[in-house]
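Visitor: Dropping in target.txt, with compact mmCIF, C-alpha atoms and all ligand atoms.
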# COMPACT_ATOMS: atom_id res chain seq x y z
CA MET A 1 -45.73 14.86 -67.41
CA ALA A 2 -48.46 15.95 -65.01
CA ASN A 3 -50.93 18.85 -64.91
CA ILE A 4 -50.28 20.64 -61.64
CA LEU A 5 -52.12 23.48 -59.94
CA VAL A 6 -49.85 25.73 -57.87
CA VAL A 7 -51.82 27.88 -55.43
CA GLY A 8 -49.93 30.87 -54.07
CA ALA A 9 -47.69 30.67 -57.14
CA ALA A 10 -46.62 34.32 -57.05
CA GLY A 11 -45.09 34.08 -53.58
CA PHE A 12 -41.55 33.20 -52.49
CA ILE A 13 -41.64 29.40 -52.54
CA GLY A 14 -44.53 29.08 -55.02
CA SER A 15 -42.70 31.06 -57.69
CA HIS A 16 -39.58 28.90 -57.37
CA MET A 17 -41.84 25.82 -57.59
CA VAL A 18 -43.46 26.97 -60.83
CA LYS A 19 -40.03 27.56 -62.35
CA MET A 20 -38.88 24.05 -61.36
CA LEU A 21 -42.06 22.29 -62.54
CA LEU A 22 -41.91 24.03 -65.92
CA SER A 23 -38.24 23.08 -66.31
CA LEU A 24 -39.23 19.45 -65.66
CA GLY A 25 -41.80 19.64 -68.47
CA HIS A 26 -45.00 19.69 -66.42
CA GLU A 27 -48.13 21.63 -67.31
CA VAL A 28 -48.60 24.27 -64.64
CA VAL A 29 -51.54 26.49 -63.77
CA SER A 30 -50.66 29.21 -61.27
CA PHE A 31 -53.37 30.62 -59.02
CA ASP A 32 -52.79 33.64 -56.80
CA ASN A 33 -54.76 36.65 -55.56
CA LEU A 34 -51.60 38.81 -55.65
CA SER A 35 -52.33 40.08 -52.14
CA SER A 36 -48.66 39.58 -51.31
CA GLY A 37 -47.20 37.84 -54.37
CA HIS A 38 -45.85 39.33 -57.58
CA ARG A 39 -47.26 38.56 -61.03
CA ASP A 40 -43.81 38.90 -62.64
CA ALA A 41 -42.44 36.18 -60.33
CA VAL A 42 -44.53 33.59 -62.20
CA LEU A 43 -42.12 32.78 -64.99
CA GLY A 44 -44.36 30.73 -67.28
CA GLY A 45 -47.45 28.57 -67.73
CA ARG A 46 -51.00 29.83 -67.35
CA PHE A 47 -51.71 32.38 -64.61
CA VAL A 48 -55.14 32.72 -63.04
CA LEU A 49 -55.84 35.72 -60.82
CA GLY A 50 -58.22 34.42 -58.19
CA ASP A 51 -58.96 34.08 -54.52
CA LEU A 52 -59.49 30.94 -52.48
CA ALA A 53 -62.32 32.75 -50.68
CA ASP A 54 -64.28 32.80 -53.95
CA HIS A 55 -65.99 29.42 -54.48
CA LEU A 56 -67.17 30.34 -57.98
CA SER A 57 -63.69 31.16 -59.26
CA LEU A 58 -62.40 27.92 -57.72
CA ASP A 59 -65.11 25.88 -59.45
CA LYS A 60 -64.34 27.62 -62.73
CA LEU A 61 -60.65 26.83 -62.30
CA PHE A 62 -61.32 23.13 -61.68
CA ASP A 63 -63.93 22.97 -64.47
CA GLU A 64 -61.46 24.34 -67.00
CA SER A 65 -58.65 21.84 -66.38
CA HIS A 66 -58.22 18.47 -64.76
CA PHE A 67 -55.31 18.54 -62.33
CA ASP A 68 -53.29 15.49 -61.37
CA GLY A 69 -52.12 17.27 -58.25
CA VAL A 70 -52.29 20.52 -56.30
CA MET A 71 -49.60 22.33 -54.32
CA GLN A 72 -50.95 24.78 -51.75
CA PHE A 73 -48.49 27.56 -50.82
CA ALA A 74 -50.99 30.41 -50.29
CA SER A 75 -50.78 31.56 -46.70
CA SER A 76 -50.26 34.52 -44.43
CA ILE A 77 -46.85 33.98 -42.86
CA GLN A 78 -46.08 36.52 -40.15
CA VAL A 79 -46.04 34.74 -36.83
CA GLY A 80 -46.19 37.96 -34.75
CA GLU A 81 -49.06 39.37 -36.80
CA SER A 82 -50.99 36.14 -36.29
CA VAL A 83 -50.94 36.78 -32.52
CA ARG A 84 -52.30 40.32 -33.02
CA ASP A 85 -54.79 39.40 -35.74
CA PRO A 86 -55.75 35.70 -35.48
CA SER A 87 -58.89 36.23 -37.57
CA LYS A 88 -56.76 36.98 -40.64
CA TYR A 89 -54.77 33.77 -40.11
CA TYR A 90 -57.71 31.47 -39.50
CA ARG A 91 -59.49 32.96 -42.53
CA ASN A 92 -56.56 32.94 -44.95
CA ASN A 93 -54.76 29.80 -43.83
CA LEU A 94 -57.57 27.62 -42.57
CA VAL A 95 -60.92 28.63 -44.12
CA ASN A 96 -59.44 29.36 -47.55
CA THR A 97 -57.50 26.09 -47.59
CA LEU A 98 -60.73 24.31 -46.66
CA ASN A 99 -62.37 25.94 -49.69
CA LEU A 100 -59.57 24.56 -51.84
CA LEU A 101 -59.90 21.06 -50.38
CA ASP A 102 -63.67 21.08 -50.96
CA ALA A 103 -63.20 22.18 -54.56
CA MET A 104 -60.67 19.36 -55.04
CA VAL A 105 -63.11 16.81 -53.63
CA ARG A 106 -66.00 18.17 -55.78
CA HIS A 107 -63.81 17.84 -58.88
CA ASP A 108 -62.25 14.51 -57.99
CA VAL A 109 -58.69 15.80 -57.60
CA ARG A 110 -57.03 13.58 -54.98
CA HIS A 111 -53.39 14.61 -54.53
CA LEU A 112 -52.24 17.58 -52.48
CA VAL A 113 -48.90 18.84 -51.18
CA PHE A 114 -49.49 21.30 -48.37
CA SER A 115 -47.04 23.93 -47.05
CA SER A 116 -46.92 23.36 -43.33
CA SER A 117 -44.40 24.69 -40.85
CA ALA A 118 -42.12 23.89 -37.93
CA ALA A 119 -44.45 26.25 -36.05
CA VAL A 120 -46.76 23.23 -35.49
CA PHE A 121 -44.32 22.00 -32.80
CA GLY A 122 -44.15 25.05 -30.52
CA GLU A 123 -41.40 25.05 -27.89
CA PRO A 124 -39.38 21.89 -28.61
CA CYS A 125 -38.84 19.34 -25.87
CA ALA A 126 -36.12 17.55 -27.90
CA ILE A 127 -33.66 18.61 -30.61
CA PRO A 128 -33.50 17.71 -33.48
CA ILE A 129 -37.26 17.60 -33.99
CA ASN A 130 -38.64 14.53 -35.70
CA GLU A 131 -42.22 13.80 -36.74
CA SER A 132 -43.14 12.11 -33.46
CA HIS A 133 -42.39 15.27 -31.46
CA PRO A 134 -45.54 16.60 -29.69
CA LEU A 135 -47.57 19.15 -31.64
CA CYS A 136 -48.17 22.25 -29.45
CA PRO A 137 -48.19 25.40 -31.60
CA LEU A 138 -47.60 28.67 -29.73
CA THR A 139 -49.31 31.00 -32.18
CA PRO A 140 -52.43 31.25 -34.39
CA TYR A 141 -50.09 30.86 -37.38
CA GLY A 142 -48.86 27.49 -36.10
CA GLN A 143 -52.38 26.51 -35.03
CA SER A 144 -53.76 27.26 -38.48
CA LYS A 145 -51.15 24.98 -40.08
CA LEU A 146 -51.80 22.17 -37.60
CA MET A 147 -55.57 22.45 -38.02
CA VAL A 148 -55.17 21.99 -41.78
CA GLU A 149 -52.94 18.96 -41.19
CA ARG A 150 -55.66 17.45 -39.01
CA ILE A 151 -58.39 18.25 -41.51
CA LEU A 152 -56.28 16.56 -44.19
CA ALA A 153 -56.24 13.34 -42.17
CA ASP A 154 -60.05 13.45 -41.97
CA TYR A 155 -60.40 14.26 -45.70
CA ASP A 156 -58.24 11.27 -46.56
CA HIS A 157 -60.38 9.01 -44.39
CA ALA A 158 -63.71 10.35 -45.64
CA TYR A 159 -63.01 11.38 -49.25
CA GLY A 160 -59.77 9.63 -50.22
CA LEU A 161 -57.88 12.91 -50.64
CA LYS A 162 -54.21 11.94 -50.32
CA SER A 163 -51.84 14.58 -49.02
CA VAL A 164 -48.32 15.28 -47.90
CA SER A 165 -47.76 18.09 -45.40
CA LEU A 166 -44.25 19.52 -45.56
CA ARG A 167 -43.15 21.30 -42.41
CA TYR A 168 -40.53 23.81 -43.42
CA PHE A 169 -38.06 25.01 -40.87
CA ASN A 170 -36.54 28.35 -42.04
CA ALA A 171 -37.06 28.77 -45.79
CA ALA A 172 -34.23 30.91 -47.18
CA GLY A 173 -31.93 31.43 -50.15
CA ALA A 174 -32.99 32.25 -53.69
CA ASP A 175 -33.03 30.86 -57.20
CA PRO A 176 -29.41 29.89 -58.08
CA ASP A 177 -30.00 31.37 -61.57
CA GLY A 178 -30.72 34.72 -59.92
CA LEU A 179 -34.21 35.11 -61.43
CA LEU A 180 -36.26 34.84 -58.22
CA GLY A 181 -35.93 35.54 -54.53
CA GLU A 182 -37.67 36.82 -51.41
CA ARG A 183 -39.91 39.85 -51.95
CA HIS A 184 -42.03 40.05 -48.82
CA ASP A 185 -43.60 43.36 -47.94
CA PRO A 186 -42.97 44.06 -45.17
CA GLU A 187 -39.84 41.89 -45.01
CA THR A 188 -39.52 40.34 -41.57
CA HIS A 189 -37.03 37.50 -42.16
CA LEU A 190 -33.52 37.53 -40.79
CA ILE A 191 -31.41 36.83 -43.89
CA PRO A 192 -32.99 39.37 -46.30
CA LEU A 193 -33.02 42.01 -43.56
CA ALA A 194 -29.36 41.37 -42.74
CA LEU A 195 -28.47 41.67 -46.44
CA ARG A 196 -30.40 44.95 -46.66
CA ALA A 197 -28.61 46.25 -43.61
CA ALA A 198 -25.30 45.30 -45.25
CA LEU A 199 -26.37 47.24 -48.35
CA GLY A 200 -27.45 50.25 -46.30
CA HIS A 201 -31.10 49.87 -47.38
CA ILE A 202 -32.13 49.75 -43.79
CA ASP A 203 -30.15 51.52 -41.07
CA ARG A 204 -29.66 48.49 -38.89
CA LEU A 205 -30.99 45.12 -37.99
CA THR A 206 -32.50 44.45 -34.58
CA ILE A 207 -31.45 41.21 -32.89
CA PHE A 208 -34.52 39.90 -31.09
CA GLY A 209 -33.04 38.93 -27.73
CA ASN A 210 -29.67 37.58 -26.59
CA ASP A 211 -30.79 35.95 -23.36
CA TYR A 212 -31.92 32.61 -24.76
CA ALA A 213 -30.49 29.32 -23.48
CA THR A 214 -28.10 28.97 -26.45
CA PRO A 215 -24.29 29.33 -26.56
CA ASP A 216 -24.34 33.01 -27.67
CA GLY A 217 -27.80 33.78 -26.27
CA THR A 218 -29.46 34.32 -29.69
CA CYS A 219 -32.05 32.01 -31.27
CA ILE A 220 -30.95 29.03 -33.30
CA ARG A 221 -32.71 28.10 -36.54
CA ASP A 222 -32.33 25.53 -39.29
CA TYR A 223 -32.15 27.41 -42.61
CA VAL A 224 -33.19 25.43 -45.68
CA HIS A 225 -32.75 26.48 -49.30
CA VAL A 226 -35.92 27.32 -51.23
CA GLU A 227 -34.82 25.15 -54.16
CA ASP A 228 -34.40 22.18 -51.82
CA LEU A 229 -37.93 22.78 -50.51
CA CYS A 230 -39.16 22.70 -54.11
CA HIS A 231 -37.37 19.39 -54.72
CA ALA A 232 -39.17 18.02 -51.66
CA HIS A 233 -42.52 19.12 -53.13
CA ARG A 234 -41.77 17.48 -56.43
CA ASN A 235 -40.77 14.24 -54.67
CA ALA A 236 -43.84 14.43 -52.42
CA LEU A 237 -46.16 14.63 -55.40
CA GLU A 238 -44.42 11.67 -57.05
CA TYR A 239 -44.75 9.82 -53.73
CA LEU A 240 -48.50 10.42 -53.76
CA PHE A 241 -48.78 9.48 -57.45
CA SER A 242 -47.10 6.16 -56.56
CA GLY A 243 -50.02 5.38 -54.23
CA ALA A 244 -48.35 6.21 -50.91
CA ALA A 245 -50.39 7.05 -47.83
CA SER A 246 -50.95 10.58 -46.57
CA ASP A 247 -48.20 11.78 -44.26
CA ALA A 248 -46.26 14.74 -42.83
CA PHE A 249 -42.51 15.40 -43.09
CA ASN A 250 -40.06 17.81 -41.47
CA LEU A 251 -37.75 19.69 -43.83
CA GLY A 252 -34.49 21.20 -42.65
CA ASN A 253 -30.76 20.58 -42.90
CA GLY A 254 -30.40 19.29 -39.37
CA GLN A 255 -27.93 22.00 -38.48
CA GLY A 256 -28.79 25.05 -36.43
CA PHE A 257 -27.27 28.54 -36.67
CA SER A 258 -27.72 31.34 -34.16
CA VAL A 259 -28.75 34.84 -35.22
CA GLN A 260 -25.16 35.95 -34.47
CA GLU A 261 -23.74 33.17 -36.65
CA VAL A 262 -26.05 34.14 -39.51
CA LEU A 263 -24.95 37.79 -39.25
CA LYS A 264 -21.29 36.74 -39.24
CA THR A 265 -21.83 34.60 -42.36
CA VAL A 266 -23.67 37.48 -44.07
CA GLU A 267 -20.66 39.71 -43.33
CA GLU A 268 -18.29 37.10 -44.79
CA VAL A 269 -20.36 36.54 -47.94
CA THR A 270 -20.98 40.23 -48.63
CA ALA A 271 -17.62 41.50 -47.36
CA ARG A 272 -19.65 44.26 -45.67
CA ARG A 273 -20.54 45.05 -42.10
CA VAL A 274 -24.08 44.36 -40.87
CA PRO A 275 -25.07 47.17 -38.49
CA ALA A 276 -27.15 45.62 -35.72
CA ASN A 277 -28.53 46.56 -32.35
CA LEU A 278 -30.02 44.49 -29.59
CA GLY A 279 -33.78 44.49 -29.04
CA SER A 280 -36.16 42.54 -26.88
CA ARG A 281 -37.39 39.04 -27.60
CA ARG A 282 -40.05 38.59 -30.29
CA SER A 283 -43.07 36.80 -28.86
CA GLY A 284 -43.62 33.22 -29.98
CA ASP A 285 -39.91 32.62 -30.79
CA PRO A 286 -38.61 29.27 -29.45
CA ALA A 287 -34.89 29.31 -28.52
CA ARG A 288 -33.95 26.52 -30.88
CA LEU A 289 -35.57 24.86 -33.90
CA VAL A 290 -33.60 22.20 -35.74
CA ALA A 291 -35.14 19.53 -37.95
CA ASP A 292 -34.60 15.82 -38.08
CA SER A 293 -35.43 15.18 -41.75
CA ASP A 294 -34.49 11.51 -41.91
CA LYS A 295 -38.06 10.54 -42.70
CA ALA A 296 -38.14 12.81 -45.78
CA LYS A 297 -34.73 11.51 -46.82
CA THR A 298 -35.85 7.90 -46.54
CA LEU A 299 -39.42 8.01 -47.84
CA LEU A 300 -39.32 11.00 -50.21
CA HIS A 301 -35.70 10.36 -51.32
CA TRP A 302 -35.04 13.99 -50.49
CA SER A 303 -31.44 15.09 -50.49
CA PRO A 304 -30.80 18.81 -50.06
CA LYS A 305 -28.39 20.19 -52.67
CA HIS A 306 -27.66 23.52 -50.99
CA ALA A 307 -27.32 22.61 -47.32
CA ASP A 308 -24.41 24.97 -46.68
CA LEU A 309 -25.46 28.25 -44.98
CA ARG A 310 -22.88 30.16 -47.01
CA THR A 311 -24.47 28.96 -50.27
CA ILE A 312 -27.95 29.83 -49.02
CA ILE A 313 -26.81 33.34 -48.11
CA SER A 314 -24.79 33.75 -51.35
CA HIS A 315 -27.87 33.02 -53.47
CA ALA A 316 -29.97 35.42 -51.39
CA TRP A 317 -27.22 38.05 -51.74
CA GLN A 318 -27.12 37.59 -55.52
CA TRP A 319 -30.88 38.19 -55.55
CA GLU A 320 -30.73 41.32 -53.33
CA MET A 321 -28.01 42.76 -55.57
CA ARG A 322 -30.08 42.06 -58.66
CA SER A 323 -33.21 43.60 -57.07
CA LEU A 324 -31.14 46.74 -56.58
CA ALA A 325 -30.51 46.95 -60.29
CA ILE A 326 -34.22 46.51 -61.24
N1 LIG B 401 -34.66 37.72 -36.12
C1 LIG B 401 -34.00 38.80 -35.56
N2 LIG B 401 -34.17 40.03 -36.12
C2 LIG B 401 -34.97 40.23 -37.22
C3 LIG B 401 -35.62 39.11 -37.80
C4 LIG B 401 -35.44 37.87 -37.20
O1 LIG B 401 -33.28 38.67 -34.58
O2 LIG B 401 -35.10 41.37 -37.69
C5 LIG B 401 -34.49 36.39 -35.52
C6 LIG B 401 -35.79 35.77 -35.05
O3 LIG B 401 -36.09 36.13 -33.72
C7 LIG B 401 -35.48 34.28 -35.19
C8 LIG B 401 -34.52 34.21 -36.36
O4 LIG B 401 -33.99 35.53 -36.51
O5 LIG B 401 -34.84 33.81 -34.06
C9 LIG B 401 -35.17 33.82 -37.65
O6 LIG B 401 -36.33 34.63 -37.83
P1 LIG B 401 -37.14 34.71 -39.18
O7 LIG B 401 -38.19 35.78 -39.01
O8 LIG B 401 -36.20 34.85 -40.32
O9 LIG B 401 -37.81 33.28 -39.31
P2 LIG B 401 -38.79 32.48 -38.30
O10 LIG B 401 -37.88 31.77 -37.34
O11 LIG B 401 -39.69 33.47 -37.66
O12 LIG B 401 -39.50 31.53 -39.20
Take the structure in this file and express it as structure tokens.
Ligand code: UDP
Guide:
Amino acid sequence: MANILVVGAAGFIGSHMVKMLLSLGHEVVSFDNLSSGHRDAVLGGRFVLGDLADHLSLDKLFDESHFDGVMQFASSIQVGESVRDPSKYYRNNLVNTLNLLDAMVRHDVRHLVFSSSAAVFGEPCAIPINESHPLCPLTPYGQSKLMVERILADYDHAYGLKSVSLRYFNAAGADPDGLLGERHDPETHLIPLALRAALGHIDRLTIFGNDYATPDGTCIRDYVHVEDLCHAHRNALEYLFSGAASDAFNLGNGQGFSVQEVLKTVEEVTARRVPANLGSRRSGDPARLVADSDKAKTLLHWSPKHADLRTIISHAWQWEMRSLAI
């Protein structure tokens, strides 16, 4: 049993992580400023309301408990917004993470799992994307993630802080028990928006471009279940506890689905129509992002349990239906 600090615990992936760690018997302290997360999504353990920008509250947090490891999920996540407002992204994703790293070093906490992103790659020059693919982010969001990855390499060298960066492709799905799911405000992700369009909560979904170099012209993404991402975090922390070197891993299912294919699967799962219209391309969207996750499978012993798109969408649908009833 370990004592684990989960930062950004009230968000989509963080809240699923807390639930999993508690079910495995770990001690968990959840830290979140609730700027976009939800207090009621943290299903147990101790909750600390605090902000990574506040050095004093960070020192207090680390003075009160000794943590064996930290998972850092707190981040602004809207790629388009990052282009319009880079300051917010460099402050929240870079400066605030640096504050966390410095607090860890001051308090001799040496194991970190960091939420990175496929956005570190930019426009791919080869598919599927493995870890030796060039790193050329197209947006401040992707830049902020890559900058943290680079800082982590320096912090390992200088201070012995060991880290694993996990580059998620498209995080999706929801807790199979139906207790948690995506609650972004505003929601910008394809699957929850398609489900809301199917429910009539939004009038229609806009397809961002159908003139990409893909078979049906819409963008192809690799959707990965949130619970599988959490398993990868758990394995990554165990990997670090075993004395492994700092590293970065790509996390996806290795299978890409176009926007049109996702909408078709949403219609099959929900047995409803998804009203959609065609809009222009969204800036910063590569045509195709598909992960090669062999490295995570080999070194982290990661094996996704919910790789099927239909299962991912079914769990998200179960969550949207439940949210309706709340
Ligand atoms: N997308 C879309 N309409 C929407 C939201 C997303 O066509 O309302 C497309 C988007 O351009 C991308 C894919 O769906 O190709 C997945 O987008 P999402 O925002 O879910 O994740 P991202 O790829 O940005 O991480």
Visitor: Give me, as a PyMOL selection string, the set of residues whose atoms come within 7 Å of any atom of ligand LIG 401 (chain B), counting all atoms listed in the file.
Guide: chain A and resi 79+169-170+188-191+193+205-209+218-221+259+281-282+285
Visitor: What's the 9 Å shell around segment 54-61 of chain A, counting all atoms listed in the file, without same-chain residues fewer than 2 positions away, as a JSON list (two decimals) with C-alpha atoms, in the coordinates of the input?
Guide:
[["chain", "number", "residue", "atom", "x", "y", "z"],
["A", 31, "PHE", "CA", -53.37, 30.62, -59.02],
["A", 48, "VAL", "CA", -55.14, 32.72, -63.04],
["A", 50, "GLY", "CA", -58.22, 34.42, -58.19],
["A", 51, "ASP", "CA", -58.96, 34.08, -54.52],
["A", 52, "LEU", "CA", -59.49, 30.94, -52.48],
["A", 63, "ASP", "CA", -63.93, 22.97, -64.47],
["A", 64, "GLU", "CA", -61.46, 24.34, -67.00],
["A", 65, "SER", "CA", -58.65, 21.84, -66.38],
["A", 96, "ASN", "CA", -59.44, 29.36, -47.55],
["A", 99, "ASN", "CA", -62.37, 25.94, -49.69],
["A", 100, "LEU", "CA", -59.57, 24.56, -51.84],
["A", 103, "ALA", "CA", -63.20, 22.18, -54.56],
["A", 106, "ARG", "CA", -66.00, 18.17, -55.78],
["A", 107, "HIS", "CA", -63.81, 17.84, -58.88]]
Visitor: Extract, using all atoms listed in the file, all DNA, RNA and protein residues at most 8 Å from Asn235 of chain A, discarding same-chain residues fewer than 4 positions from it, and format them as a PyMOL selection string.
Guide: chain A and resi 231+239+300-302
Visitor: Would you work out the distance separating atom CA of Met1 of chain A from atom CA of Leu166 of chain A, expressed in Å to one decimal?
Guide: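 Calculated distance between atom CA of Met1 of chain A and atom CA of Leu166 of chain A is 22.4 Å.
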Visitor: Figure out the distance between atom CA of Ile13 of chain A and atom CA of Arg183 of chain A, please, to one decimal in Å.
Guide: 10.6 Å
Visitor: Atom CA of Gly142 of chain A and atom CA of Val29 of chain A, how far apart in Å?
Guide: 27.8 Å
Visitor: Find the nearest atom pair between each residue of segment 190-277 of chain A and segment 311-322 of chain A for residues within 10 Å, count all atoms listed in the file, give distances in Å to one decimal, sort rows by chain and ascending number, and present the table as a Markdown table.
Guide:
| residue | atom | partner | partner_atom | distance |
| --- | --- | --- | --- | --- |
| A:Ile191 | CA | A:Ile313 | CA | 7.2 |
| A:Pro192 | CA | A:Ala316 | CA | 7.1 |
| A:Ala194 | CA | A:Trp317 | CA | 9.8 |
| A:Leu195 | CA | A:Trp317 | CA | 6.5 |
| A:Arg196 | CA | A:Glu320 | CA | 7.6 |
| A:Ala198 | CA | A:Trp317 | CA | 9.9 |
| A:Leu199 | CA | A:Met321 | CA | 8.7 |
| A:Tyr223 | CA | A:Ile312 | CA | 8.0 |
| A:Val224 | CA | A:Ile312 | CA | 7.6 |
| A:His225 | CA | A:Ile312 | CA | 5.9 |
| A:Val226 | CA | A:Ile312 | CA | 8.6 |
| A:Glu227 | CA | A:Ile312 | CA | 9.8 |
| A:Val262 | CA | A:Ile313 | CA | 8.7 |
| A:Thr265 | CA | A:Ile313 | CA | 7.7 |
| A:Val266 | CA | A:Ile313 | CA | 6.6 |
| A:Glu268 | CA | A:Ser314 | CA | 9.8 |
| A:Val269 | CA | A:Ser314 | CA | 6.2 |
| A:Thr270 | CA | A:Trp317 | CA | 7.3 |
Visitor: Would you list the contacts of Gly44 of chain A as a list of chain:residue names, taking every protein, DNA or RNA residue within 9 Å and counting all atoms listed in the file, but skipping same-chain residues closer than 2 positions in sequence?
Guide: A:Val18, A:Lys19, A:Leu22, A:Val28, A:Ser30, A:Val42, A:Arg46, A:Phe47
Visitor: Excluding Gly122 of chain A and residues on its chain fewer than 4 positions from it, collect all residues at most 7 Å away from it, counting only C-alpha atoms, and give them as a PDB file with C-alpha atoms, in the coordinates of the input.
Guide:
ATOM      1  CA  LEU A 135     -47.570  19.150 -31.640  1.00  0.00           C
ATOM      2  CA  CYS A 136     -48.170  22.250 -29.450  1.00  0.00           C
ATOM      3  CA  PRO A 137     -48.190  25.400 -31.600  1.00  0.00           C
ATOM      4  CA  LEU A 138     -47.600  28.670 -29.730  1.00  0.00           C
TER       5      LEU A 138
END
Visitor: Would you write out, as CSV, a table of all residues in segment 147-208 of chain A that have an atom no more than 10 Å from an atom of segment 68-77 of chain A, listing for each the closest atom pair and the distance in Å to one decimal, considering only C-alpha atoms and ordering rows by chain and rising residue number?
Guide:
residue,atom,partner,partner_atom,distance
A:Lys162,CA,A:Gly69,CA,9.8
A:Ser163,CA,A:Val70,CA,9.4
A:Val164,CA,A:Met71,CA,9.6
A:Ser165,CA,A:Gln72,CA,9.8
A:His184,CA,A:Ile77,CA,9.8
A:Thr188,CA,A:Ile77,CA,9.8
Visitor: Keeping only C-alpha atoms, write the selected residues as a PDB file, in the coordinates of the input.
Guide:
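The result, written out as selection.pdb:
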ATOM      1  CA  LYS A 162     -54.210  11.940 -50.320  1.00  0.00           C
ATOM      2  CA  SER A 163     -51.840  14.580 -49.020  1.00  0.00           C
ATOM      3  CA  VAL A 164     -48.320  15.280 -47.900  1.00  0.00           C
ATOM      4  CA  SER A 165     -47.760  18.090 -45.400  1.00  0.00           C
ATOM      5  CA  HIS A 184     -42.030  40.050 -48.820  1.00  0.00           C
ATOM      6  CA  THR A 188     -39.520  40.340 -41.570  1.00  0.00           C
TER       7      THR A 188
END
Visitor: For the point (-46.1, 11.7, -43.0) in the file's frame, write as a PDB file with C-alpha atoms, in the frame of the given file all residues with an atom no more than 8 Å away, counting only C-alpha atoms.
Guide:
ATOM      1  CA  GLU A 131     -42.220  13.800 -36.740  1.00  0.00           C
ATOM      2  CA  VAL A 164     -48.320  15.280 -47.900  1.00  0.00           C
ATOM      3  CA  SER A 165     -47.760  18.090 -45.400  1.00  0.00           C
ATOM      4  CA  ALA A 245     -50.390   7.050 -47.830  1.00  0.00           C
ATOM      5  CA  SER A 246     -50.950  10.580 -46.570  1.00  0.00           C
ATOM      6  CA  ASP A 247     -48.200  11.780 -44.260  1.00  0.00           C
ATOM      7  CA  ALA A 248     -46.260  14.740 -42.830  1.00  0.00           C
ATOM      8  CA  PHE A 249     -42.510  15.400 -43.090  1.00  0.00           C
TER       9      PHE A 249
END
Visitor: Would you mind telling me which residue in A:Asp308, A:Asp185, A:Glu81, A:Asp292 lies nearest to Asp228 of chain A when using only C-alpha atoms?
Guide: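 Distance minimum relative to Asp228 of chain A lands on A:Asp308.
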Visitor: So that I can check the surroundings of Ser82 of chain A, please list as a ChimeraX atom specification every protein, DNA and RNA residue that reaches within 12 Å of it, counting only C-alpha atoms and ignoring chain neighbours fewer than 2 positions away.
Guide: /A:75-80,84-93,119,138-145,283-284
